[in-house]
file my_file_12.txt (compact mmCIF, C-alpha atoms (C1' of nucleotides))
# COMPACT_ATOMS: atom_id res chain seq x y z
CA MET A 513 -146.06 19.79 -71.96
CA ASP A 514 -145.60 17.60 -68.94
CA HIS A 515 -149.26 16.88 -68.53
CA ILE A 516 -149.21 15.72 -72.12
CA LYS A 517 -146.50 13.25 -71.32
CA ASP A 518 -148.57 12.10 -68.37
CA LYS A 519 -151.43 11.36 -70.68
CA LEU A 520 -149.09 9.56 -73.00
CA SER A 521 -147.76 7.22 -70.36
CA LYS A 522 -151.19 6.55 -68.94
CA GLY A 523 -152.20 5.43 -72.40
CA GLU A 524 -149.39 2.84 -72.46
CA TYR A 525 -147.91 5.04 -75.03
CA LYS A 526 -144.25 5.04 -75.81
CA LEU A 527 -142.76 8.37 -76.75
CA THR A 528 -140.80 7.31 -79.80
CA ARG A 529 -138.77 9.66 -81.92
CA GLN A 530 -141.54 9.84 -84.53
CA ARG A 531 -144.23 10.57 -82.01
CA GLN A 532 -142.15 13.21 -80.36
CA VAL A 533 -141.58 14.93 -83.67
CA ILE A 534 -145.28 14.84 -84.51
CA LEU A 535 -146.13 16.25 -81.11
CA GLU A 536 -143.59 19.03 -81.57
CA VAL A 537 -145.06 19.86 -84.95
CA MET A 538 -148.47 20.18 -83.39
CA GLN A 539 -147.13 22.36 -80.62
CA ASP A 540 -145.29 24.61 -83.03
CA ALA A 541 -148.53 24.99 -84.95
CA GLU A 542 -150.52 26.08 -81.94
CA GLY A 543 -153.70 27.74 -83.13
CA GLU A 544 -153.48 26.16 -86.57
CA HIS A 545 -155.46 23.25 -87.89
CA LEU A 546 -153.28 20.84 -89.78
CA SER A 547 -154.19 17.99 -92.05
CA ALA A 548 -152.30 14.70 -91.86
CA GLU A 549 -150.43 15.58 -95.01
CA GLU A 550 -149.39 18.94 -93.63
CA VAL A 551 -148.17 17.30 -90.45
CA LEU A 552 -146.15 14.85 -92.52
CA GLN A 553 -144.46 17.60 -94.49
CA ALA A 554 -143.53 19.55 -91.38
CA ALA A 555 -142.40 16.46 -89.48
CA ARG A 556 -140.20 15.20 -92.28
CA LYS A 557 -137.96 18.20 -91.83
CA ARG A 558 -136.87 16.59 -88.57
CA SER A 559 -137.46 12.95 -89.33
CA PRO A 560 -137.10 12.50 -93.08
CA HIS A 561 -138.12 8.85 -93.31
CA LEU A 562 -141.36 9.30 -91.46
CA GLY A 563 -144.26 7.53 -93.18
CA ILE A 564 -147.77 8.80 -93.62
CA ALA A 565 -149.21 5.74 -91.88
CA THR A 566 -147.37 6.62 -88.72
CA VAL A 567 -148.72 10.13 -88.92
CA TYR A 568 -152.28 8.89 -89.15
CA ARG A 569 -151.76 6.38 -86.36
CA THR A 570 -150.17 8.93 -84.09
CA LEU A 571 -152.72 11.66 -84.70
CA GLU A 572 -155.53 9.19 -84.18
CA ARG A 573 -154.05 8.02 -80.93
CA MET A 574 -153.36 11.48 -79.61
CA ALA A 575 -156.91 12.48 -80.47
CA GLY A 576 -158.12 9.45 -78.54
CA LEU A 577 -156.09 10.56 -75.56
CA GLY A 578 -157.51 14.06 -75.73
CA ILE A 579 -154.20 15.63 -76.66
CA LEU A 580 -155.52 16.70 -80.04
CA TYR A 581 -158.87 17.65 -81.46
CA LYS A 582 -159.87 16.06 -84.72
CA THR A 583 -162.38 17.91 -86.84
CA ARG A 584 -163.71 17.36 -90.31
CA PHE A 585 -164.51 20.51 -92.19
CA ASP A 586 -166.48 20.53 -95.39
CA GLU A 587 -163.41 20.02 -97.56
CA GLY A 588 -163.57 16.36 -96.67
CA LYS A 589 -160.47 15.70 -94.68
CA TYR A 590 -159.69 15.76 -91.02
CA ARG A 591 -157.72 18.54 -89.42
CA TYR A 592 -155.97 18.31 -86.09
CA GLU A 593 -155.13 20.91 -83.51
CA LEU A 594 -153.57 20.89 -80.08
CA ALA A 595 -156.26 20.59 -77.44
CA ASP A 596 -156.38 23.05 -74.64
CA ASP A 597 -157.28 21.74 -71.25
CA SER A 598 -160.74 23.19 -70.90
CA ASP A 599 -162.93 20.60 -72.56
CA HIS A 600 -164.61 19.46 -75.72
CA HIS A 601 -166.64 22.51 -76.58
CA HIS A 602 -164.86 24.66 -79.06
CA HIS A 603 -165.85 26.09 -82.37
CA HIS A 604 -164.55 27.56 -85.56
CA ILE A 605 -164.93 30.36 -88.01
CA GLN A 606 -163.70 29.47 -91.44
CA CYS A 607 -163.02 32.16 -93.98
CA VAL A 608 -164.66 31.18 -97.25
CA ARG A 609 -162.06 32.99 -99.30
CA CYS A 610 -158.67 32.24 -97.75
CA GLY A 611 -159.74 29.10 -95.92
CA ARG A 612 -158.09 30.08 -92.67
CA ILE A 613 -159.72 28.81 -89.53
CA PHE A 614 -160.22 30.95 -86.47
CA GLU A 615 -161.23 29.91 -83.00
CA LEU A 616 -164.48 30.94 -81.45
CA GLU A 617 -165.01 31.36 -77.76
CA GLU A 618 -166.47 28.56 -75.70
CA GLY A 619 -169.75 28.11 -74.01
CA LEU A 620 -171.72 30.14 -76.51
CA LEU A 621 -174.12 27.32 -77.06
CA ASP A 622 -175.17 26.61 -73.50
CA SER A 623 -178.64 28.04 -73.91
CA ILE A 624 -179.19 26.02 -77.07
CA GLU A 625 -178.08 22.84 -75.33
CA GLU A 626 -180.62 23.46 -72.66
CA LYS A 627 -183.42 23.60 -75.19
CA VAL A 628 -182.26 20.39 -76.80
CA MET A 629 -182.14 18.65 -73.43
CA LYS A 630 -185.75 19.63 -72.88
CA GLN A 631 -186.66 17.81 -76.08
CA GLY A 632 -185.39 14.58 -74.56
CA PHE A 633 -181.87 14.39 -75.91
CA THR A 634 -178.76 13.81 -73.85
CA VAL A 635 -176.18 16.12 -75.36
CA ILE A 636 -172.74 14.60 -75.76
CA ASN A 637 -170.94 17.20 -77.81
CA HIS A 638 -171.54 19.82 -80.41
CA ARG A 639 -169.77 21.42 -83.25
CA LEU A 640 -170.33 24.82 -84.68
CA THR A 641 -168.64 26.15 -87.77
CA ILE A 642 -169.33 29.63 -89.00
CA TYR A 643 -168.47 30.42 -92.60
CA ALA A 644 -167.47 34.02 -93.08
CA LEU A 645 -165.16 36.49 -94.74
CA CYS A 646 -162.35 37.42 -92.42
CA SER A 647 -161.54 41.09 -92.09
CA GLU A 648 -158.56 40.84 -94.42
CA CYS A 649 -160.39 39.08 -97.21
CA LYS A 650 -163.31 41.42 -96.85
CA SER A 651 -161.18 44.39 -97.81
CA ILE A 652 -159.77 42.85 -100.96
CA MET B 1488 -193.19 21.44 -106.18
CA ASP B 1489 -193.88 24.02 -108.82
CA HIS B 1490 -191.42 26.51 -107.44
CA ILE B 1491 -188.85 23.75 -107.67
CA LYS B 1492 -189.56 23.35 -111.35
CA ASP B 1493 -189.22 27.10 -111.70
CA LYS B 1494 -185.77 26.92 -110.23
CA LEU B 1495 -184.94 24.07 -112.52
CA SER B 1496 -185.88 25.90 -115.68
CA LYS B 1497 -184.12 29.06 -114.58
CA GLY B 1498 -180.98 26.99 -114.25
CA GLU B 1499 -181.21 25.90 -117.88
CA TYR B 1500 -181.98 22.57 -116.44
CA LYS B 1501 -183.86 19.91 -118.31
CA LEU B 1502 -186.15 17.77 -116.29
CA THR B 1503 -185.15 14.38 -117.63
CA ARG B 1504 -186.58 11.10 -116.44
CA GLN B 1505 -183.54 10.47 -114.23
CA ARG B 1506 -183.64 13.88 -112.62
CA GLN B 1507 -187.33 13.60 -112.01
CA VAL B 1508 -186.85 10.27 -110.29
CA ILE B 1509 -184.06 11.64 -108.13
CA LEU B 1510 -186.16 14.63 -107.20
CA GLU B 1511 -189.06 12.34 -106.28
CA VAL B 1512 -186.78 10.25 -104.13
CA MET B 1513 -185.69 13.34 -102.26
CA GLN B 1514 -189.26 14.47 -101.82
CA ASP B 1515 -190.38 11.09 -100.56
CA ALA B 1516 -187.54 11.22 -98.06
CA GLU B 1517 -188.57 14.58 -96.68
CA GLY B 1518 -186.88 15.05 -93.34
CA GLU B 1519 -184.26 12.39 -94.03
CA HIS B 1520 -180.65 12.94 -95.00
CA LEU B 1521 -179.63 10.63 -97.80
CA SER B 1522 -176.20 9.80 -99.13
CA ALA B 1523 -175.62 9.53 -102.86
CA GLU B 1524 -175.57 5.76 -102.58
CA GLU B 1525 -178.88 5.72 -100.76
CA VAL B 1526 -180.42 7.95 -103.38
CA LEU B 1527 -179.15 5.59 -106.06
CA GLN B 1528 -180.70 2.54 -104.40
CA ALA B 1529 -184.05 4.24 -103.97
CA ALA B 1530 -184.05 5.73 -107.45
CA ARG B 1531 -183.18 2.46 -109.16
CA LYS B 1532 -186.51 1.06 -108.09
CA ARG B 1533 -188.06 3.40 -110.61
CA SER B 1534 -185.21 3.76 -113.08
CA PRO B 1535 -183.14 0.60 -112.90
CA HIS B 1536 -180.33 1.63 -115.22
CA LEU B 1537 -179.57 4.85 -113.40
CA GLY B 1538 -175.84 5.36 -112.87
CA ILE B 1539 -174.13 6.70 -109.79
CA ALA B 1540 -172.45 9.46 -111.80
CA THR B 1541 -175.81 10.86 -112.76
CA VAL B 1542 -176.87 10.79 -109.12
CA TYR B 1543 -173.83 12.80 -108.09
CA ARG B 1544 -174.23 15.23 -110.94
CA THR B 1545 -177.90 15.75 -110.23
CA LEU B 1546 -177.51 16.15 -106.49
CA GLU B 1547 -174.67 18.58 -107.00
CA ARG B 1548 -176.68 20.62 -109.41
CA MET B 1549 -179.78 20.70 -107.28
CA ALA B 1550 -177.70 21.76 -104.32
CA GLY B 1551 -176.27 24.54 -106.45
CA LEU B 1552 -179.77 25.68 -107.29
CA GLY B 1553 -180.79 25.67 -103.64
CA ILE B 1554 -183.24 22.81 -104.06
CA LEU B 1555 -181.20 20.58 -101.79
CA TYR B 1556 -178.89 21.10 -98.87
CA LYS B 1557 -175.60 19.28 -98.94
CA THR B 1558 -173.95 18.59 -95.62
CA ARG B 1559 -170.94 16.58 -94.62
CA PHE B 1560 -171.21 14.94 -91.26
CA ASP B 1561 -168.25 13.42 -89.51
CA GLU B 1562 -168.65 10.04 -91.22
CA GLY B 1563 -166.97 11.53 -94.26
CA LYS B 1564 -169.60 11.56 -96.92
CA TYR B 1565 -172.12 14.10 -98.04
CA ARG B 1566 -175.77 13.81 -97.22
CA TYR B 1567 -178.53 15.60 -99.04
CA GLU B 1568 -181.93 16.77 -97.94
CA LEU B 1569 -184.75 18.71 -99.51
CA ALA B 1570 -184.37 22.39 -98.77
CA ASP B 1571 -187.22 24.28 -97.29
CA ASP B 1572 -187.80 27.78 -98.52
CA SER B 1573 -186.73 29.75 -95.50
CA ASP B 1574 -183.00 30.05 -96.02
CA HIS B 1575 -179.61 28.61 -95.39
CA HIS B 1576 -179.58 28.45 -91.63
CA HIS B 1577 -180.53 25.07 -90.37
CA HIS B 1578 -178.92 22.66 -87.99
CA HIS B 1579 -178.80 19.09 -86.88
CA ILE B 1580 -178.80 16.83 -83.91
CA GLN B 1581 -177.16 13.52 -84.62
CA CYS B 1582 -177.67 10.59 -82.31
CA VAL B 1583 -174.31 9.07 -81.52
CA ARG B 1584 -175.80 5.61 -81.09
CA CYS B 1585 -178.32 5.10 -83.89
CA GLY B 1586 -176.90 7.75 -86.20
CA ARG B 1587 -180.27 9.28 -86.99
CA ILE B 1588 -180.28 12.96 -87.75
CA PHE B 1589 -182.88 15.33 -86.37
CA GLU B 1590 -183.58 18.89 -87.36
CA LEU B 1591 -183.03 21.76 -85.04
CA GLU B 1592 -184.96 24.97 -85.15
CA GLU B 1593 -183.60 27.97 -87.00
CA GLY B 1594 -182.30 31.25 -85.86
CA LEU B 1595 -180.82 29.95 -82.65
CA LEU B 1596 -177.47 31.38 -83.50
CA ASP B 1597 -178.41 34.95 -84.21
CA SER B 1598 -176.83 36.31 -81.06
CA ILE B 1599 -173.62 34.42 -81.74
CA GLU B 1600 -173.49 35.78 -85.26
CA GLU B 1601 -173.74 39.26 -83.89
CA LYS B 1602 -170.69 38.77 -81.72
CA VAL B 1603 -168.73 37.39 -84.63
CA MET B 1604 -169.69 40.36 -86.78
CA LYS B 1605 -168.33 42.65 -84.10
CA GLN B 1606 -164.97 40.90 -84.42
CA GLY B 1607 -164.78 42.00 -88.04
CA PHE B 1608 -166.11 38.98 -89.88
CA THR B 1609 -168.83 39.00 -92.48
CA VAL B 1610 -170.87 35.93 -91.75
CA ILE B 1611 -171.92 33.96 -94.81
CA ASN B 1612 -173.34 30.82 -93.31
CA HIS B 1613 -173.03 28.60 -90.32
CA ARG B 1614 -173.46 25.01 -89.41
CA LEU B 1615 -174.21 23.54 -86.05
CA THR B 1616 -174.28 19.85 -85.31
CA ILE B 1617 -175.12 18.61 -81.86
CA TYR B 1618 -174.11 15.07 -80.98
CA ALA B 1619 -176.47 13.49 -78.52
CA LEU B 1620 -178.36 10.40 -77.47
CA CYS B 1621 -181.91 10.54 -78.75
CA SER B 1622 -184.67 9.67 -76.31
CA GLU B 1623 -185.05 6.16 -77.69
CA CYS B 1624 -181.39 5.26 -77.51
CA LYS B 1625 -181.11 6.76 -74.08
CA SER B 1626 -183.57 4.24 -72.67
CA ILE B 1627 -181.81 1.19 -74.06
C1' DA C 895 -125.27 -9.62 -72.96
C1' DA C 896 -128.49 -13.15 -75.28
C1' DA C 897 -133.19 -14.61 -76.01
C1' DC C 898 -137.64 -13.58 -76.14
C1' DA C 899 -142.17 -11.12 -76.30
C1' DT C 900 -144.23 -7.14 -77.72
C1' DA C 901 -144.82 -2.66 -79.92
C1' DT C 902 -143.84 0.35 -83.64
C1' DT C 903 -142.63 1.56 -88.10
C1' DG C 904 -142.79 2.33 -93.16
C1' DA C 905 -144.10 0.63 -97.62
C1' DT C 906 -147.78 -0.47 -99.94
C1' DA C 907 -152.32 -2.51 -100.98
C1' DA C 908 -157.14 -1.93 -100.20
C1' DT C 909 -161.15 0.79 -99.44
C1' DG C 910 -164.80 4.27 -99.91
C1' DA C 911 -166.47 8.52 -101.61
C1' DT C 912 -166.24 11.53 -105.18
C1' DT C 913 -164.83 13.49 -109.69
C1' DA C 914 -163.24 13.21 -114.50
C1' DT C 915 -163.39 11.18 -119.03
C1' DC C 916 -165.54 9.75 -123.05
C1' DA C 917 -168.24 7.29 -126.27
C1' DT C 918 -173.15 6.63 -126.80
C1' DT C 919 -177.78 8.22 -126.45
C1' DA C 920 -181.45 11.66 -125.93
C1' DT C 921 -183.47 16.23 -126.82
C1' DT C 922 -184.42 20.51 -129.13
C1' DG C 923 -184.57 24.22 -132.44
C1' DG C 924 -184.34 25.13 -137.24
C1' DC D 49 -185.70 15.10 -140.50
C1' DC D 50 -180.97 16.96 -139.28
C1' DA D 51 -177.50 19.23 -136.89
C1' DA D 52 -176.11 21.10 -132.46
C1' DT D 53 -176.05 20.49 -127.88
C1' DA D 54 -176.92 18.32 -123.44
C1' DA D 55 -177.26 14.29 -120.63
C1' DT D 56 -176.23 9.66 -119.51
C1' DG D 57 -173.80 5.47 -117.88
C1' DA D 58 -169.64 2.82 -117.61
C1' DT D 59 -165.48 3.14 -115.97
C1' DA D 60 -160.94 5.14 -114.84
C1' DA D 61 -158.74 8.38 -111.87
C1' DT D 62 -158.18 10.75 -107.57
C1' DC D 63 -157.96 11.71 -102.70
C1' DA D 64 -158.11 10.72 -97.88
C1' DT D 65 -157.96 7.13 -94.92
C1' DT D 66 -157.41 2.37 -93.15
C1' DA D 67 -155.54 -2.32 -93.26
C1' DT D 68 -151.78 -5.52 -93.92
C1' DC D 69 -147.39 -7.24 -93.12
C1' DA D 70 -142.57 -7.89 -92.97
C1' DA D 71 -138.72 -5.54 -90.86
C1' DT D 72 -137.05 -3.02 -86.99
C1' DA D 73 -136.86 -1.28 -82.34
C1' DT D 74 -137.71 -1.67 -77.45
C1' DG D 75 -138.18 -3.71 -73.00
C1' DT D 76 -137.86 -7.72 -69.97
C1' DT D 77 -136.08 -11.81 -68.17
C1' DT D 78 -132.53 -14.59 -67.38
call {"tool": "encode", "arguments": {"input": "my_file_12.txt", "output": "structure tokens"}}
result
Amino acid sequence: MDHIKDKLSKGEYKLTRQRQVILEVMQDAEGEHLSAEEVLQAARKRSPHLGIATVYRTLERMAGLGILYKTRFDEGKYRYELADDSDHHHHHIQCVRCGRIFELEEGLLDSIEEKVMKQGFTVINHRLTIYALCSECKSI
Amino acid sequence: MDHIKDKLSKGEYKLTRQRQVILEVMQDAEGEHLSAEEVLQAARKRSPHLGIATVYRTLERMAGLGILYKTRFDEGKYRYELADDSDHHHHHIQCVRCGRIFELEEGLLDSIEEKVMKQGFTVINHRLTIYALCSECKSI
DNA sequence: AAACATATTGATAATGATTATCATTATTGG
DNA sequence: CCAATAATGATAATCATTATCAATATGTTT
């Protein structure tokens, strides 16, 4: 929590009421992947006049500061989640029935990256999404 | 080419002039990943009155029949490419500077899939995108 | 505390991609 | 050829996101 505030101040970033609320929403939703609209709905419970533009601006900025991850799944909109400290490599399993998103462990792709490097690319980042039935949906 | 027409007829799918043109465009662009708008521009050279709605409908349908792959990259729109016969597992390297998309060999993720299966998921599909600098952009 | 510069906000318009609607135009089987 | 059905193209509607801008808040200097 404190290191987040550090990042905020380094980014010349004022911690306004709205931003604080949005940050709290993201922290309360640890492990979830929220869309901007979902963040708005949750945040309005604490700050009823909050506008969607502020939500987008804040999420965008926090993603830029590395506080959040911003990922676009195939549904066509961005989803945001609280970043852990490790680094940029993290991946998802999305259940094709219920739509829930699960985290996948890191570093699984190191050997693949190596091969790509040998082909002359400089790898910056990578994203893996696995589409699956989760154990609950499987048994329905 | 013929097996594509087989798929078309099995899908109760008439091979109209417009659809033929769109299919040709996709075949001429083998290895590329075209957006609907790009398909429209290319196709209008042969069928000038073609409408964007028909392009979307046709691409959607061909994707449904497995003739095309439909992928959403982070830019927010779908891109389509001719499917090869093998199967659904194929992956991309996208250059973060020039935006070009390169293919990545198949089957790289088999070991990862296995781990996910052990966690109780039934894997349906997966998508990997690696963001990198291609060798040309690297040397700029 | 007043005056000022600057940053932030919220409402709303604009944009871009995609989907839905619907009247018109092909196509096909009888 | 004619009726039934499918496909097309123009355009409106939708959805997520970004841009605009006037009003408000904040911080700084005096």
call {"tool": "residues_around", "arguments": {"input": "my_file_12.txt", "residues": "Val1508 (chain B)", "least_positions_apart": "6", "cutoff": "10 Å", "atoms": "only C-alpha atoms (C1' of nucleotides)", "output": "number ranges by chain"}}
result
B: 1502, 1514, 1526-1527, 1529-1534, 1537
call {"tool": "closest_atom_pairs", "arguments": {"input": "my_file_12.txt", "of": "chain C", "to": "chain A", "cutoff": "9 Å", "atoms": "all atoms listed in the file", "output": "tab-separated table"}}
result
residue	atom	partner	partner_atom	distance
C:DA901	C1'	A:Lys526	CA	8.7
C:DT902	C1'	A:Thr528	CA	8.5
C:DT903	C1'	A:Thr566	CA	7.0
C:DG904	C1'	A:Gly563	CA	5.4
C:DA905	C1'	A:Gly563	CA	8.2
call {"tool": "residues_around", "arguments": {"input": "my_file_12.txt", "residues": "region 1608-1616 of chain B", "least_positions_apart": "5", "cutoff": "10 Å", "atoms": "only C-alpha atoms (C1' of nucleotides)", "output": "PDB file with C-alpha atoms, in the coordinates of the input"}}
result
ATOM      1  CA  HIS A 603    -165.850  26.090 -82.370  1.00  0.00           C
ATOM      2  CA  HIS A 604    -164.550  27.560 -85.560  1.00  0.00           C
ATOM      3  CA  ILE A 605    -164.930  30.360 -88.010  1.00  0.00           C
ATOM      4  CA  GLN A 606    -163.700  29.470 -91.440  1.00  0.00           C
ATOM      5  CA  CYS A 607    -163.020  32.160 -93.980  1.00  0.00           C
ATOM      6  CA  VAL A 608    -164.660  31.180 -97.250  1.00  0.00           C
ATOM      7  CA  LEU A 621    -174.120  27.320 -77.060  1.00  0.00           C
ATOM      8  CA  ASN A 637    -170.940  17.200 -77.810  1.00  0.00           C
ATOM      9  CA  HIS A 638    -171.540  19.820 -80.410  1.00  0.00           C
ATOM     10  CA  ARG A 639    -169.770  21.420 -83.250  1.00  0.00           C
ATOM     11  CA  LEU A 640    -170.330  24.820 -84.680  1.00  0.00           C
ATOM     12  CA  THR A 641    -168.640  26.150 -87.770  1.00  0.00           C
ATOM     13  CA  ILE A 642    -169.330  29.630 -89.000  1.00  0.00           C
ATOM     14  CA  TYR A 643    -168.470  30.420 -92.600  1.00  0.00           C
ATOM     15  CA  ALA A 644    -167.470  34.020 -93.080  1.00  0.00           C
ATOM     16  CA  LEU A 645    -165.160  36.490 -94.740  1.00  0.00           C
ATOM     17  CA  CYS A 646    -162.350  37.420 -92.420  1.00  0.00           C
ATOM     18  CA  SER A 647    -161.540  41.090 -92.090  1.00  0.00           C
ATOM     19  CA  GLU A 648    -158.560  40.840 -94.420  1.00  0.00           C
ATOM     20  CA  CYS A 649    -160.390  39.080 -97.210  1.00  0.00           C
ATOM     21  CA  LYS A 650    -163.310  41.420 -96.850  1.00  0.00           C
TER      22      LYS A 650
ATOM     23  CA  THR B1558    -173.950  18.590 -95.620  1.00  0.00           C
ATOM     24  CA  PHE B1560    -171.210  14.940 -91.260  1.00  0.00           C
ATOM     25  CA  ASP B1561    -168.250  13.420 -89.510  1.00  0.00           C
ATOM     26  CA  HIS B1575    -179.610  28.610 -95.390  1.00  0.00           C
ATOM     27  CA  HIS B1576    -179.580  28.450 -91.630  1.00  0.00           C
ATOM     28  CA  HIS B1577    -180.530  25.070 -90.370  1.00  0.00           C
ATOM     29  CA  HIS B1578    -178.920  22.660 -87.990  1.00  0.00           C
ATOM     30  CA  HIS B1579    -178.800  19.090 -86.880  1.00  0.00           C
ATOM     31  CA  ILE B1580    -178.800  16.830 -83.910  1.00  0.00           C
ATOM     32  CA  GLN B1581    -177.160  13.520 -84.620  1.00  0.00           C
ATOM     33  CA  ILE B1588    -180.280  12.960 -87.750  1.00  0.00           C
ATOM     34  CA  PHE B1589    -182.880  15.330 -86.370  1.00  0.00           C
ATOM     35  CA  GLU B1590    -183.580  18.890 -87.360  1.00  0.00           C
ATOM     36  CA  LEU B1591    -183.030  21.760 -85.040  1.00  0.00           C
ATOM     37  CA  LEU B1595    -180.820  29.950 -82.650  1.00  0.00           C
ATOM     38  CA  LEU B1596    -177.470  31.380 -83.500  1.00  0.00           C
ATOM     39  CA  GLU B1600    -173.490  35.780 -85.260  1.00  0.00           C
ATOM     40  CA  GLU B1601    -173.740  39.260 -83.890  1.00  0.00           C
ATOM     41  CA  LYS B1602    -170.690  38.770 -81.720  1.00  0.00           C
ATOM     42  CA  VAL B1603    -168.730  37.390 -84.630  1.00  0.00           C
TER      43      VAL B1603
END
call {"tool": "atom_distance", "arguments": {"input": "my_file_12.txt", "atom1": "CA of Glu550 (chain A)", "atom2": "CA of Lys589 (chain A)"}}
result
11.6 Å
call {"tool": "atom_distance", "arguments": {"input": "my_file_12.txt", "atom1": "C1' of DA907 (chain C)", "atom2": "CA of Ala548 (chain A)"}}
result
19.5 Å
call {"tool": "closest_residue", "arguments": {"input": "my_file_12.txt", "among": "B:Val1542, B:Glu1511, B:Ala1516, B:Ile1627", "to": "chain D", "atoms": "all atoms listed in the file"}}
result
B:Val1542
call {"tool": "closest_residue", "arguments": {"input": "my_file_12.txt", "among": "A:Arg529, A:Ser623, A:Leu535, A:Asp596", "to": "chain D", "atoms": "all atoms listed in the file"}}
result
A:Arg529
call {"tool": "atom_distance", "arguments": {"input": "my_file_12.txt", "atom1": "CA of Gln1606 (chain B)", "atom2": "CA of Lys1557 (chain B)"}}
result
28.1 Å
call {"tool": "decode", "arguments": {"input": "my_file_12.txt", "residues": "chain C", "atoms": "C-alpha atoms (C1' of nucleotides)", "output": "short mmCIF file (atom, residue, chain, number, x, y, z; two decimals), in the first residue's frame"}}
result
data_model
loop_
_atom_site.label_atom_id
_atom_site.label_comp_id
_atom_site.auth_asym_id
_atom_site.auth_seq_id
_atom_site.Cartn_x
_atom_site.Cartn_y
_atom_site.Cartn_z
"C1'" DA C 895 -6.22 35.31 3.61
"C1'" DA C 896 -6.29 36.92 -1.45
"C1'" DA C 897 -4.58 36.16 -6.05
"C1'" DC C 898 -2.81 33.32 -9.15
"C1'" DA C 899 -1.23 29.15 -11.75
"C1'" DT C 900 -2.09 24.58 -12.39
"C1'" DA C 901 -4.39 20.12 -12.04
"C1'" DT C 902 -8.53 17.54 -11.78
"C1'" DT C 903 -13.17 16.62 -12.45
"C1'" DG C 904 -17.65 15.46 -14.64
"C1'" DA C 905 -20.73 16.08 -18.46
"C1'" DT C 906 -20.94 15.31 -22.87
"C1'" DA C 907 -19.49 15.12 -27.74
"C1'" DA C 908 -16.69 12.59 -30.90
"C1'" DT C 909 -14.57 8.49 -32.54
"C1'" DG C 910 -13.81 3.75 -34.18
"C1'" DA C 911 -15.14 -0.92 -34.53
"C1'" DT C 912 -18.81 -3.81 -34.79
"C1'" DT C 913 -23.69 -5.32 -35.02
"C1'" DA C 914 -28.60 -4.77 -36.15
"C1'" DT C 915 -32.22 -3.36 -39.24
"C1'" DC C 916 -34.57 -3.31 -43.40
"C1'" DA C 917 -35.82 -2.51 -48.04
"C1'" DT C 918 -33.95 -4.05 -52.39
"C1'" DT C 919 -31.76 -7.44 -55.18
"C1'" DA C 920 -30.11 -12.08 -56.38
"C1'" DT C 921 -30.62 -17.12 -56.49
"C1'" DT C 922 -32.82 -21.56 -56.55
"C1'" DG C 923 -36.18 -25.22 -56.70
"C1'" DG C 924 -40.63 -26.32 -58.40
#
